[in-house]
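Heads up, the thing below is written out as structure tokens.
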Amino acid sequence: MLPIRRGILGVRRTHLPRSSLLTTPQFIRHTSSSSTSTETKDKKSKSVKSNFTVSPKKAPQADMSQIPLQLLGCLTDFYIPPRYVSAPVSSWPKLLMRRIMLFALNTYSIVAFKRELGVPLKFDLWKDRAIEQYVRANKAFAEACNEPKVRAKGEIVEKRLDHTCGLHVGEALYARSKSFPVGSSVKWELVKLVKDPKIVLFNSIPDRNGVACFVQFVMKLNTVQKMTIFGKDGEVVQEKEQPVEDNLVFSLDPLSDELLLVGKLFESNHIRGLKPEIDISNPKEAKRFMVVAADIYRADPRESAVGSTKKDN
């Protein structure tokens with residue numbers, strides 16, 4: 001691994017405490033293209049080089065290996081295979097083909113990972129640690145909600161989520177905790193795992209030389225969760241136990257084994273293909289998506305759209 005230059009990235013300052021990692025003034029510097037000027041040569045030089053075409057130099061791209069892992073949010077809207085029952089029967093052949101293609105892409109990424117890094121694959125360890133990070137994130141959020149002081153909420157998030165979540169997830173949980181009613185409290189519990197977690201996407205992230213330096217994978221996690229909300233007097237206002245299916249995104253440094261929860265995605269619709277719809281070459285769009293995907297408590301936008309349509313009718 002090359003040494004990390006933290007100045008290459010930055011994040012806008014938020015309302016978190018000054019000492020918090022979540023307020024470090026860093027975000028990605030995207031190098032812009034620069035035009036190259038040609039110098040005037042003498043006639044002899046021109047005659048020698050007249051048969052050659054000089055292509056303009058390409059602008060250098062950011063080296064992903066220099067990015068601190070906590071700033072590496074969900075890169076794009078990766079393809080998450082939808083369930084067949086949620087799609088028209090006529091689309092099932094295409095959905096099957098896309099699953100096969102996704103399997104091939106995952107296999108290619110895994111082979112490239114093993115060939116370029118030469119480190120063993122630790123899927124069982126990664127999945128176990130991913131579950132631990134997910135549980136820590138939920139418990140830290142509940143603890144922040146129960147704290148009445150805004151500054152203390154930020155300190156809780158910063159302390160509990162250090163080496164657990166990416167920066168964008170921490171900021172999203174902190175923002176949600178500030179809207180929790182003062183005087184009320186919440187308790188979150190993981191009741192059980194319904195199925196073994198499954199890695200549905202494995203994406204190697206190359207450095208400037210094309211060698212894998214990080215991994216970002218999506219893990220499907222089926223659980224039963226219980227959330228209890230208490231009123232000001234400690235009485236139970238709401239208690240809900242329900243099955244939850246999450247497609248969680250994690251960033252991994254395979255050399256140090258550091259693993260961070262960086263976001264959540266939803267199943268893709270039956271129309272789109274494997275190609276991401278987010279233009280990651282656009283810095284503003286990529287940054288906006290990282291912030292959106294980092295909110296692990298957000299609802300599926302398609303379900304929200306269906307709900308609003310029913311209300312209008």
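A note on labels: chains of the structure tokens are A, B, ... as shown, every chain counts residues from 1, and ligands are counted from 1 in their shown order.
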- Please identify all polymer residues within 12 Å of A:Gly118, counting only C-alpha atoms, omitting same-chain residues fewer than 3 positions from it, and present them as a ChimeraX atom specification. /A:110-115,121,211-213,254-255
May I have the selected residues written with N, CA and C atoms, as a JSON list (two decimals), in the first residue's frame?
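Result file is part-v2.json:
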```json
[["chain", "number", "residue", "atom", "x", "y", "z"],
["A", 110, "ILE", "N", -12.93, -11.49, -8.21],
["A", 110, "ILE", "CA", -12.28, -12.33, -7.21],
["A", 110, "ILE", "C", -10.96, -12.88, -7.73],
["A", 111, "VAL", "N", -10.96, -13.33, -8.99],
["A", 111, "VAL", "CA", -9.72, -13.84, -9.60],
["A", 111, "VAL", "C", -8.67, -12.74, -9.67],
["A", 112, "ALA", "N", -9.09, -11.54, -10.08],
["A", 112, "ALA", "CA", -8.15, -10.41, -10.16],
["A", 112, "ALA", "C", -7.61, -10.06, -8.78],
["A", 113, "PHE", "N", -8.48, -10.12, -7.78],
["A", 113, "PHE", "CA", -8.07, -9.84, -6.40],
["A", 113, "PHE", "C", -6.98, -10.82, -5.95],
["A", 114, "LYS", "N", -7.18, -12.09, -6.18],
["A", 114, "LYS", "CA", -6.22, -13.11, -5.75],
["A", 114, "LYS", "C", -4.92, -13.00, -6.53],
["A", 115, "ARG", "N", -5.01, -12.73, -7.82],
["A", 115, "ARG", "CA", -3.82, -12.66, -8.66],
["A", 115, "ARG", "C", -2.96, -11.43, -8.33],
["A", 121, "LEU", "N", -8.71, -15.04, 0.51],
["A", 121, "LEU", "CA", -10.08, -14.55, 0.64],
["A", 121, "LEU", "C", -10.64, -15.01, 1.99],
["A", 211, "VAL", "N", -3.99, -2.00, -10.25],
["A", 211, "VAL", "CA", -3.86, -3.08, -9.27],
["A", 211, "VAL", "C", -4.87, -2.86, -8.15],
["A", 212, "ALA", "N", -5.56, -3.92, -7.75],
["A", 212, "ALA", "CA", -6.58, -3.81, -6.71],
["A", 212, "ALA", "C", -5.97, -3.29, -5.41],
["A", 213, "CYS", "N", -6.60, -2.27, -4.83],
["A", 213, "CYS", "CA", -6.12, -1.72, -3.56],
["A", 213, "CYS", "C", -7.21, -1.78, -2.49],
["A", 254, "PRO", "N", -8.05, -4.91, 2.08],
["A", 254, "PRO", "CA", -7.69, -6.32, 2.23],
["A", 254, "PRO", "C", -6.34, -6.56, 2.88],
["A", 255, "LEU", "N", -5.48, -5.56, 2.92],
["A", 255, "LEU", "CA", -4.16, -5.74, 3.53],
["A", 255, "LEU", "C", -4.20, -5.55, 5.04]]
```
- Query: Taking into account only C-alpha atoms, which residue in the set A:Glu155, A:Glu239, A:Asp257, A:Glu303 is nearest to A:Trp126?
  - Reply: A:Asp257
- Computed interatomic separation between atom CA of A:Leu71 and atom CA of A:Ile278 (Å): 18.3 Å
Among stretch 104-245 of chain A, which residues does DSSP mark as strand (DSSP E or B) when it is run on the backbone? Keep the chain and numbering as in the structure and answer as a PDB file with C-alpha atoms, in the first residue's frame.
```pdb
ATOM      1  CA  CYS A 165     -18.658   3.073   9.660  1.00  0.00           C
ATOM      2  CA  SER A 185     -35.773   7.079  24.191  1.00  0.00           C
ATOM      3  CA  VAL A 186     -35.337   4.102  21.899  1.00  0.00           C
ATOM      4  CA  LYS A 187     -33.920   0.599  22.245  1.00  0.00           C
ATOM      5  CA  TRP A 188     -32.762  -1.456  19.254  1.00  0.00           C
ATOM      6  CA  GLU A 189     -32.259  -5.222  19.336  1.00  0.00           C
ATOM      7  CA  LEU A 190     -31.139  -7.809  16.796  1.00  0.00           C
ATOM      8  CA  VAL A 191     -33.429 -10.737  17.580  1.00  0.00           C
ATOM      9  CA  LYS A 192     -31.989 -13.284  15.148  1.00  0.00           C
ATOM     10  CA  LEU A 193     -30.489 -13.944  11.738  1.00  0.00           C
ATOM     11  CA  LYS A 198     -24.788 -13.552   1.288  1.00  0.00           C
ATOM     12  CA  ILE A 199     -22.319 -11.448  -0.662  1.00  0.00           C
ATOM     13  CA  VAL A 200     -24.201 -10.523  -3.828  1.00  0.00           C
ATOM     14  CA  LEU A 201     -21.542  -8.264  -5.338  1.00  0.00           C
ATOM     15  CA  PHE A 202     -17.743  -8.190  -5.049  1.00  0.00           C
ATOM     16  CA  ASN A 203     -16.018  -5.208  -6.648  1.00  0.00           C
ATOM     17  CA  SER A 204     -12.247  -4.692  -6.664  1.00  0.00           C
ATOM     18  CA  ILE A 205     -11.173  -1.057  -6.705  1.00  0.00           C
ATOM     19  CA  PRO A 206      -7.912  -0.520  -8.616  1.00  0.00           C
ATOM     20  CA  ALA A 212      -6.581  -3.809  -6.708  1.00  0.00           C
ATOM     21  CA  CYS A 213      -6.122  -1.718  -3.558  1.00  0.00           C
ATOM     22  CA  PHE A 214      -9.599  -1.774  -1.969  1.00  0.00           C
ATOM     23  CA  VAL A 215     -12.735  -3.884  -2.180  1.00  0.00           C
ATOM     24  CA  GLN A 216     -16.335  -2.769  -1.983  1.00  0.00           C
ATOM     25  CA  PHE A 217     -18.922  -5.509  -1.572  1.00  0.00           C
ATOM     26  CA  VAL A 218     -22.673  -5.712  -1.041  1.00  0.00           C
ATOM     27  CA  MET A 219     -23.981  -8.166   1.545  1.00  0.00           C
ATOM     28  CA  LYS A 220     -27.624  -9.219   1.746  1.00  0.00           C
ATOM     29  CA  LEU A 221     -28.613  -9.551   5.393  1.00  0.00           C
ATOM     30  CA  ASN A 222     -31.958 -11.016   6.508  1.00  0.00           C
ATOM     31  CA  THR A 223     -32.741 -10.443  10.169  1.00  0.00           C
ATOM     32  CA  VAL A 224     -35.533 -10.015  12.677  1.00  0.00           C
ATOM     33  CA  GLN A 225     -35.175  -6.735  14.544  1.00  0.00           C
ATOM     34  CA  LYS A 226     -37.007  -5.235  17.483  1.00  0.00           C
ATOM     35  CA  MET A 227     -37.303  -1.525  18.171  1.00  0.00           C
ATOM     36  CA  THR A 228     -38.953  -0.144  21.299  1.00  0.00           C
ATOM     37  CA  ILE A 229     -39.728   3.544  21.818  1.00  0.00           C
ATOM     38  CA  PHE A 230     -40.279   4.870  25.333  1.00  0.00           C
ATOM     39  CA  VAL A 236     -43.622   1.931  26.108  1.00  0.00           C
ATOM     40  CA  VAL A 237     -45.042   4.076  23.328  1.00  0.00           C
ATOM     41  CA  GLN A 238     -44.315   1.714  20.456  1.00  0.00           C
ATOM     42  CA  GLU A 239     -42.796  -1.753  20.184  1.00  0.00           C
ATOM     43  CA  LYS A 240     -42.217  -3.327  16.823  1.00  0.00           C
ATOM     44  CA  GLU A 241     -40.590  -6.631  15.905  1.00  0.00           C
ATOM     45  CA  GLN A 242     -40.310  -7.340  12.208  1.00  0.00           C
ATOM     46  CA  PRO A 243     -38.195  -9.065   9.545  1.00  0.00           C
ATOM     47  CA  VAL A 244     -35.736  -6.777   7.785  1.00  0.00           C
ATOM     48  CA  GLU A 245     -33.780  -7.350   4.586  1.00  0.00           C
TER      49      GLU A 245
END
```
- Query: From the set A:Glu147, A:Glu285, A:Glu267, A:Glu277, which residue has the shortest atom-to-atom contact distance to A:Arg302, counting only C-alpha atoms?
  - Reply: A:Glu267
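Atom CA of A:Asp162 is found 14.3 Å from atom CA of A:Arg129.
Between A:Ala152 and the candidates A:Ser177, A:Ser281, A:Thr76, A:Asn269, the tightest atom-to-atom separation, counting only C-alpha atoms, involves A:Ser177.
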- Task: Enter the distance from atom CA of A:Tyr174 to atom CA of A:Gly73, in Å, rounded to one decimal.
- Result: 16.3 Å
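Residue nearest A:Cys145 within the list A:Pro301, A:Pro181, A:Pro120, A:Pro276: A:Pro181 [criterion: smallest interatomic distance, only C-alpha atoms].
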- Message: Between A:Ala293, A:Ala299, A:Leu125, A:Val135, which residue has the minimum interatomic distance to A:Gly166, considering only C-alpha atoms?
- Response: A:Ala293
